[in-house]
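Dropping final25.txt in here (compact mmCIF, C-alpha atoms):
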```txt
# COMPACT_ATOMS: atom_id res chain seq x y z
CA MET Z 1 0.00 0.00 0.00
CA GLU Z 2 1.39 3.37 -1.01
CA ILE Z 3 1.00 6.31 1.33
CA ASN Z 4 -1.23 8.99 -0.18
CA LYS Z 5 -2.11 10.91 2.97
CA ILE Z 6 -1.22 10.81 6.63
CA ASP Z 7 -4.25 10.03 8.78
CA SER Z 8 -4.89 7.88 11.86
CA HIS Z 9 -5.38 4.72 9.78
CA THR Z 10 -2.10 5.28 7.93
CA LEU Z 11 -0.27 5.98 11.20
CA ALA Z 12 -1.60 2.68 12.60
CA LEU Z 13 -0.36 0.79 9.53
CA ILE Z 14 3.05 2.48 9.75
CA HIS Z 15 3.20 1.54 13.45
CA ARG Z 16 2.57 -2.13 12.62
CA ALA Z 17 5.19 -2.06 9.84
CA PHE Z 18 7.74 -0.63 12.30
CA GLU Z 19 6.93 -3.44 14.78
CA ILE Z 20 7.52 -6.03 12.05
CA VAL Z 21 10.87 -4.54 11.01
CA LEU Z 22 12.03 -4.37 14.64
CA GLU Z 23 10.97 -7.98 15.26
CA GLN Z 24 12.70 -9.18 12.07
CA ASN Z 25 15.90 -7.45 13.20
CA LYS Z 26 15.61 -8.79 16.76
CA VAL Z 27 15.31 -5.37 18.36
CA SER Z 28 13.26 -5.57 21.55
CA PHE Z 29 11.19 -2.69 22.87
CA LYS Z 30 8.77 -1.87 25.65
CA LYS Z 31 6.67 0.50 23.53
CA ILE Z 32 6.88 2.21 20.19
CA GLY Z 33 4.74 4.89 18.62
CA ILE Z 34 4.33 6.85 15.42
CA ALA Z 35 3.10 10.43 15.68
CA GLU Z 36 2.63 13.48 13.53
CA GLU Z 37 4.19 16.84 14.39
CA GLY Z 38 3.76 19.59 11.82
CA GLU Z 39 5.67 18.62 8.70
CA GLN Z 40 7.42 15.73 10.40
CA LEU Z 41 6.59 12.21 11.50
CA LEU Z 42 8.06 10.90 14.74
CA PHE Z 43 9.14 7.42 15.73
CA LEU Z 44 8.93 7.12 19.51
CA TYR Z 45 10.93 4.26 21.00
CA GLU Z 46 11.04 3.06 24.60
CA GLY Z 47 13.64 0.40 25.37
CA LYS Z 48 15.10 -1.06 28.53
CA ASP Z 49 16.16 2.35 29.87
CA GLU Z 50 12.47 3.35 30.02
CA LYS Z 51 13.24 6.67 28.33
CA VAL Z 52 11.42 7.68 25.16
CA HIS Z 53 13.78 8.29 22.26
CA VAL Z 54 12.46 10.32 19.33
CA PHE Z 55 13.55 9.96 15.71
CA LYS Z 56 12.11 12.37 13.12
CA TRP Z 57 11.69 12.33 9.37
CA SER Z 58 9.85 14.42 6.81
CA LYS Z 59 6.19 13.71 6.04
CA ALA Z 60 6.79 14.78 2.45
CA SER Z 61 9.38 12.01 1.99
CA SER Z 62 6.74 9.44 3.02
CA THR Z 63 4.21 10.24 0.32
CA GLY Z 64 4.07 7.93 -2.68
CA ILE Z 65 6.06 5.03 -1.20
CA SER Z 66 4.85 1.82 0.36
CA ILE Z 67 4.52 1.47 4.10
CA GLY Z 68 7.01 -1.41 4.17
CA VAL Z 69 9.63 0.57 2.25
CA LEU Z 70 9.09 3.51 4.60
CA ALA Z 71 9.60 1.34 7.67
CA GLN Z 72 12.79 -0.13 6.23
CA SER Z 73 14.20 3.21 5.12
CA VAL Z 74 13.57 4.90 8.47
CA LEU Z 75 14.64 2.04 10.73
CA MET Z 76 17.59 0.37 9.01
CA PRO Z 77 20.00 3.30 9.59
CA ILE Z 78 19.12 3.42 13.31
CA ILE Z 79 18.91 -0.34 14.04
CA PRO Z 80 22.46 -0.43 15.54
CA HIS Z 81 21.54 2.42 17.90
CA LEU Z 82 18.21 0.78 18.82
CA ARG Z 83 19.99 -2.48 19.66
CA LEU Z 84 22.04 -0.59 22.25
CA LEU Z 85 18.82 0.75 23.80
CA SER Z 86 16.97 -2.58 23.77
```
Whole structure given in structure tokens:
Amino acid sequence: MEINKIDSHTLALIHRAFEIVLEQNKVSFKKIGIAEEGEQLLFLYEGKDEKVHVFKWSKASSTGISIGVLAQSVLMPIIPHLRLLS
């Protein structure tokens, strides 16, 4: 499914895609979230330290690509960092 607009349904699908990518890469977490803030989307990650870590990317860069590709492109660069937090 390609992202055409950011709404609550799309955010829920992105959230699930992020869970799948984290599970496939054996990154544990207490909670994760996807939120909208102005022109950015936020990935909220809570690991073993119980602090919420925030990673941001542009909403505009999310339009027109599939949810799976988005999850991969956002998470793969930060997976090593997330492993340290998990």
Which residues are near range 64-80 of chain Z? Cut-off 7 Å, all atoms listed in the file, ignore same chain within fewer than 6 positions. Put them as a list in words. Met1, Glu2, Ile3, Asn4, Ile14, Ala17, Phe18 and Val21 of chain Z
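Between CA of Glu50 in chain Z and CA of Ser86 in chain Z lies a distance of 9.7 Å.
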Sel. within 12 Å of pt (13.0, 5.5, 29.0), counting all atoms listed in the file, output as a short mmCIF file (atom, residue, chain, number, x, y, z; two decimals) with C-alpha atoms, keeping the file's coordinate frame:
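What landed in selection_1.cif:
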```
data_model
loop_
_atom_site.label_atom_id
_atom_site.label_comp_id
_atom_site.auth_asym_id
_atom_site.auth_seq_id
_atom_site.Cartn_x
_atom_site.Cartn_y
_atom_site.Cartn_z
CA PHE Z 29 11.19 -2.69 22.87
CA LYS Z 30 8.77 -1.87 25.65
CA LYS Z 31 6.67 0.50 23.53
CA ILE Z 32 6.88 2.21 20.19
CA LEU Z 44 8.93 7.12 19.51
CA TYR Z 45 10.93 4.26 21.00
CA GLU Z 46 11.04 3.06 24.60
CA GLY Z 47 13.64 0.40 25.37
CA LYS Z 48 15.10 -1.06 28.53
CA ASP Z 49 16.16 2.35 29.87
CA GLU Z 50 12.47 3.35 30.02
CA LYS Z 51 13.24 6.67 28.33
CA VAL Z 52 11.42 7.68 25.16
CA HIS Z 53 13.78 8.29 22.26
CA VAL Z 54 12.46 10.32 19.33
CA LEU Z 85 18.82 0.75 23.80
CA SER Z 86 16.97 -2.58 23.77
#
```
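Distance-wise, CA of His9 in chain Z and CA of Glu39 in chain Z end up 17.8 Å apart.
For the pair CA of Leu13 in chain Z and CA of Phe55 in chain Z, the interatomic distance is 17.8 Å.
Closest approach to Ala12 in chain Z from the set Z:Ala35, Z:Lys26, Z:Thr63, Z:Trp57 is made by Z:Ala35, with distances taken over only C-alpha atoms.
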Would you list the contacts of Ser58 in chain Z as a ChimeraX atom specification, taking every protein, DNA or RNA residue within 8 Å and counting all atoms listed in the file, but skipping same-chain residues closer than 3 positions in sequence? /Z:39-41,61-62
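In this comparison, which uses all atoms listed in the file, the residue of Z:Ala60, Z:Ser8, Z:His15, Z:Ile20 approaching Gly33 in chain Z most closely is Z:His15.
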